[in-house]
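A.B. asks: I'd like to ask some things about the structure below.
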Amino acid sequence: MQQRLLASTKLLRQLKGRVLAAGAMLQKMFRKVRPWSALAAARALCSAAAPPTGGEAALVTLLRTRFPAAAALHVEDISGGCGAMYAVHVETAEFAGMSRLRQHRAVQEALSQQIKDMHGIRVSTAVPPEPADRAET
């Protein structure tokens, strides 16, 4: 019994050393990068590799129906894949002249039925920049 305990303790110490070494390596890699940008880059790599979930695809379809001229539309399941919380970004010229609150309400109204089944939703909206040739005139 005591030998098993000693072996387990030794294994735990080895694992702790490896975890600390990996943490130090990551710190060196991202020393010159802001922590939140490193996290955003990691999320982007992970989300780019993963195909959209059924919930993400359904929300994108609804948003495309409501905002057909959207320049950018992105939905990400930020609950780990269970569909409890989503981050939604909509960029459309329809938002020009609207307050941020009205923009967010428009997105929430488009997803009102789906929001009832969610734990939460993070909405971000934007108006696309005008093309350079139109801005000069």
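Just remember, in the structure tokens the first chain shown is A, the second B, etc., residues are 1-based per chain, and ligands are 1-based in the order shown.
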Please, which residues of range 90-135 of chain A, numbered as in this document, come out strand (DSSP E) from DSSP, as JSON, numbers by chain?

C.D. replies: {"A": [90, 91, 120, 121, 122, 123, 124, 125, 126]}

A.B. asks: Based on the selection just made, write N, CA and C atoms of those residues as a short mmCIF file (atom, residue, chain, number, x, y, z; two decimals), in the first residue's frame.

C.D. replies:
data_model
loop_
_atom_site.label_atom_id
_atom_site.label_comp_id
_atom_site.auth_asym_id
_atom_site.auth_seq_id
_atom_site.Cartn_x
_atom_site.Cartn_y
_atom_site.Cartn_z
N VAL A 90 -23.14 40.68 -36.15
CA VAL A 90 -23.82 41.03 -37.39
C VAL A 90 -23.31 42.40 -37.83
N GLU A 91 -22.86 42.46 -39.08
CA GLU A 91 -22.40 43.72 -39.66
C GLU A 91 -23.21 43.96 -40.92
N GLY A 120 -27.69 32.27 -22.40
CA GLY A 120 -27.27 33.64 -22.65
C GLY A 120 -26.84 33.84 -24.09
N ILE A 121 -26.72 35.10 -24.47
CA ILE A 121 -26.28 35.46 -25.82
C ILE A 121 -25.44 36.72 -25.73
N ARG A 122 -24.35 36.75 -26.47
CA ARG A 122 -23.47 37.92 -26.53
C ARG A 122 -23.60 38.48 -27.95
N VAL A 123 -24.12 39.68 -28.06
CA VAL A 123 -24.38 40.28 -29.37
C VAL A 123 -23.39 41.41 -29.62
N SER A 124 -22.81 41.44 -30.80
CA SER A 124 -22.01 42.58 -31.24
C SER A 124 -22.49 42.94 -32.64
N THR A 125 -22.56 44.23 -32.90
CA THR A 125 -23.06 44.71 -34.19
C THR A 125 -22.13 45.79 -34.72
N ALA A 126 -22.21 46.01 -36.02
CA ALA A 126 -21.38 47.04 -36.65
C ALA A 126 -22.01 47.46 -37.97
#

A.B. asks: Excluding same-chain residues fewer than 3 positions from Ala93 in chain A, what lies within 8 Å of it counting only C-alpha atoms, as a VMD selection string?

C.D. replies: chain A and resid 69 to 71 96 127 to 128

A.B. asks: Selection from above, C-alpha atoms, as a short mmCIF file (atom, residue, chain, number, x, y, z; two decimals), in the first residue's frame, can you write it?

C.D. replies:
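Result file is selection-v9.cif:
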data_model
loop_
_atom_site.label_atom_id
_atom_site.label_comp_id
_atom_site.auth_asym_id
_atom_site.auth_seq_id
_atom_site.Cartn_x
_atom_site.Cartn_y
_atom_site.Cartn_z
CA ALA A 69 -27.51 42.24 -47.02
CA ALA A 70 -25.22 41.55 -44.06
CA ALA A 71 -21.57 42.15 -44.92
CA ALA A 96 -26.67 52.87 -40.24
CA VAL A 127 -22.01 49.14 -39.72
CA PRO A 128 -19.63 48.23 -42.56
#

A.B. asks: Check the smallest atom-to-atom distance from each of A:Thr92, A:Gln103, A:Thr61, A:Ser79 to Met118 in chain A using only C-alpha atoms, then report the winner.

C.D. replies: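 Ranked by minimum distance to Met118 in chain A, first place goes to A:Ser79.
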
A.B. asks: One decimal, in Å: what's the spacing between CA of Leu111 in chain A and CA of Ile78 in chain A?

C.D. replies: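 Going from CA of Leu111 in chain A over to CA of Ile78 in chain A covers 16.6 Å.
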
A.B. asks: Can you pull out every residue within 9 Å of Glu76 in chain A, counting only C-alpha atoms, but drop anything in the same chain fewer than 3 positions away, and send it as a ChimeraX atom specification?

C.D. replies: /A:47,52-53,56,79,85-89

A.B. asks: Take the residues from that selection and put them in a file with C-alpha atoms, as a compact mmCIF listing (two decimals), in the first residue's frame.

C.D. replies:
# COMPACT_ATOMS: atom_id res chain seq x y z
CA SER A 47 -13.23 27.45 -34.11
CA PRO A 52 -20.34 24.70 -37.19
CA THR A 53 -22.73 23.03 -34.79
CA GLU A 56 -24.85 27.73 -35.01
CA SER A 79 -20.78 27.15 -24.20
CA MET A 85 -24.67 30.37 -24.97
CA TYR A 86 -23.76 31.98 -28.26
CA ALA A 87 -21.69 34.92 -29.45
CA VAL A 88 -23.35 36.61 -32.44
CA HIS A 89 -21.81 39.29 -34.68

A.B. asks: Apply DSSP to the backbone of this structure and, from range 43-90 of chain A, keep only the residues in helix (DSSP H, G or I); write these as a list in words.

C.D. replies: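 DSSP-assigned helix (DSSP H, G or I) residues in range 43-90 of chain A: Arg43, Ala44, Leu45, Cys46, Ser47, Ala48, Ala49, Gly54, Gly55, Glu56, Ala57, Ala58, Leu59, Val60, Thr61, Leu62, Leu63, Arg64, Thr65 and Arg66 of chain A.
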
A.B. asks: Go ahead and write the selection's residues with all heavy atoms as a compact mmCIF listing (two decimals), in the first residue's frame.

C.D. replies:
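Done, and the output landed in result-v9.txt:
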# COMPACT_ATOMS: atom_id res chain seq x y z
N ARG A 43 -8.74 30.80 -29.80
CA ARG A 43 -10.15 30.51 -30.08
C ARG A 43 -10.41 30.46 -31.57
O ARG A 43 -11.16 29.63 -32.06
CB ARG A 43 -11.04 31.56 -29.44
CG ARG A 43 -11.25 31.37 -27.98
CD ARG A 43 -12.26 32.35 -27.46
NE ARG A 43 -12.47 32.15 -26.04
CZ ARG A 43 -12.96 33.05 -25.24
NH1 ARG A 43 -13.31 34.23 -25.72
NH2 ARG A 43 -13.13 32.80 -23.97
N ALA A 44 -9.80 31.39 -32.31
CA ALA A 44 -10.00 31.42 -33.75
C ALA A 44 -9.47 30.15 -34.41
O ALA A 44 -10.11 29.58 -35.29
CB ALA A 44 -9.33 32.64 -34.35
N LEU A 45 -8.30 29.69 -33.95
CA LEU A 45 -7.75 28.45 -34.50
C LEU A 45 -8.65 27.27 -34.20
O LEU A 45 -8.91 26.43 -35.05
CB LEU A 45 -6.35 28.19 -33.92
CG LEU A 45 -5.24 29.07 -34.45
CD1 LEU A 45 -3.95 28.83 -33.67
CD2 LEU A 45 -5.01 28.81 -35.92
N CYS A 46 -9.16 27.21 -32.98
CA CYS A 46 -10.03 26.09 -32.59
C CYS A 46 -11.36 26.15 -33.34
O CYS A 46 -11.85 25.14 -33.81
CB CYS A 46 -10.30 26.11 -31.09
SG CYS A 46 -8.83 25.72 -30.13
N SER A 47 -11.93 27.34 -33.45
CA SER A 47 -13.23 27.45 -34.11
C SER A 47 -13.10 27.26 -35.61
O SER A 47 -14.03 26.79 -36.26
CB SER A 47 -13.90 28.78 -33.79
OG SER A 47 -13.16 29.84 -34.32
N ALA A 48 -11.95 27.63 -36.18
CA ALA A 48 -11.76 27.45 -37.61
C ALA A 48 -11.66 25.97 -37.95
O ALA A 48 -12.10 25.54 -39.00
CB ALA A 48 -10.51 28.19 -38.08
N ALA A 49 -11.11 25.20 -37.04
CA ALA A 49 -10.95 23.78 -37.30
C ALA A 49 -12.24 23.01 -37.09
O ALA A 49 -12.45 21.97 -37.70
CB ALA A 49 -9.86 23.21 -36.38
N GLY A 54 -25.03 22.38 -35.16
CA GLY A 54 -26.37 22.52 -35.69
C GLY A 54 -27.03 23.80 -35.22
O GLY A 54 -27.73 24.48 -35.97
N GLY A 55 -26.80 24.15 -33.95
CA GLY A 55 -27.36 25.38 -33.40
C GLY A 55 -26.79 26.61 -34.08
O GLY A 55 -27.52 27.56 -34.38
N GLU A 56 -25.49 26.60 -34.33
CA GLU A 56 -24.85 27.73 -35.01
C GLU A 56 -25.43 27.90 -36.42
O GLU A 56 -25.77 29.00 -36.83
CB GLU A 56 -23.34 27.53 -35.09
CG GLU A 56 -22.63 27.64 -33.77
CD GLU A 56 -21.17 27.20 -33.84
OE1 GLU A 56 -20.77 26.53 -34.80
OE2 GLU A 56 -20.42 27.56 -32.92
N ALA A 57 -25.55 26.80 -37.13
CA ALA A 57 -26.07 26.85 -38.49
C ALA A 57 -27.51 27.35 -38.52
O ALA A 57 -27.88 28.14 -39.39
CB ALA A 57 -25.97 25.46 -39.14
N ALA A 58 -28.32 26.93 -37.55
CA ALA A 58 -29.71 27.37 -37.49
C ALA A 58 -29.79 28.87 -37.23
O ALA A 58 -30.60 29.58 -37.86
CB ALA A 58 -30.45 26.59 -36.41
N LEU A 59 -28.96 29.37 -36.33
CA LEU A 59 -28.97 30.80 -36.03
C LEU A 59 -28.48 31.62 -37.23
O LEU A 59 -29.02 32.69 -37.52
CB LEU A 59 -28.12 31.09 -34.80
CG LEU A 59 -28.63 30.52 -33.48
CD1 LEU A 59 -27.68 30.87 -32.34
CD2 LEU A 59 -30.03 30.99 -33.17
N VAL A 60 -27.47 31.13 -37.92
CA VAL A 60 -26.97 31.82 -39.11
C VAL A 60 -28.07 31.90 -40.16
O VAL A 60 -28.28 32.95 -40.79
CB VAL A 60 -25.71 31.12 -39.68
CG1 VAL A 60 -25.38 31.63 -41.07
CG2 VAL A 60 -24.53 31.32 -38.75
N THR A 61 -28.81 30.81 -40.35
CA THR A 61 -29.90 30.80 -41.32
C THR A 61 -30.96 31.85 -40.97
O THR A 61 -31.42 32.60 -41.83
CB THR A 61 -30.55 29.40 -41.39
OG1 THR A 61 -29.55 28.46 -41.76
CG2 THR A 61 -31.67 29.36 -42.40
N LEU A 62 -31.34 31.91 -39.70
CA LEU A 62 -32.33 32.90 -39.27
C LEU A 62 -31.82 34.33 -39.47
O LEU A 62 -32.56 35.20 -39.93
CB LEU A 62 -32.68 32.68 -37.80
CG LEU A 62 -33.59 31.50 -37.51
CD1 LEU A 62 -33.62 31.23 -36.01
CD2 LEU A 62 -34.99 31.78 -38.02
N LEU A 63 -30.57 34.55 -39.12
CA LEU A 63 -30.00 35.90 -39.26
C LEU A 63 -29.85 36.29 -40.73
O LEU A 63 -30.05 37.45 -41.09
CB LEU A 63 -28.67 35.99 -38.52
CG LEU A 63 -28.78 35.95 -36.99
CD1 LEU A 63 -27.42 35.77 -36.36
CD2 LEU A 63 -29.46 37.20 -36.47
N ARG A 64 -29.50 35.33 -41.60
CA ARG A 64 -29.39 35.61 -43.04
C ARG A 64 -30.76 35.99 -43.60
O ARG A 64 -30.86 36.83 -44.48
CB ARG A 64 -28.85 34.40 -43.80
CG ARG A 64 -27.38 34.24 -43.71
CD ARG A 64 -26.69 35.02 -44.81
NE ARG A 64 -25.26 34.91 -44.58
CZ ARG A 64 -24.44 35.93 -44.58
NH1 ARG A 64 -24.88 37.13 -44.80
NH2 ARG A 64 -23.17 35.76 -44.34
N THR A 65 -31.81 35.35 -43.07
CA THR A 65 -33.16 35.67 -43.52
C THR A 65 -33.54 37.09 -43.10
O THR A 65 -34.11 37.85 -43.88
CB THR A 65 -34.18 34.67 -42.92
OG1 THR A 65 -33.79 33.35 -43.30
CG2 THR A 65 -35.58 34.94 -43.40
N ARG A 66 -33.22 37.45 -41.87
CA ARG A 66 -33.58 38.77 -41.35
C ARG A 66 -32.68 39.88 -41.88
O ARG A 66 -33.11 40.99 -42.11
CB ARG A 66 -33.52 38.74 -39.81
CG ARG A 66 -33.67 40.08 -39.11
CD ARG A 66 -34.98 40.78 -39.43
NE ARG A 66 -35.07 42.07 -38.80
CZ ARG A 66 -34.60 43.20 -39.28
NH1 ARG A 66 -33.96 43.22 -40.44
NH2 ARG A 66 -34.75 44.33 -38.62
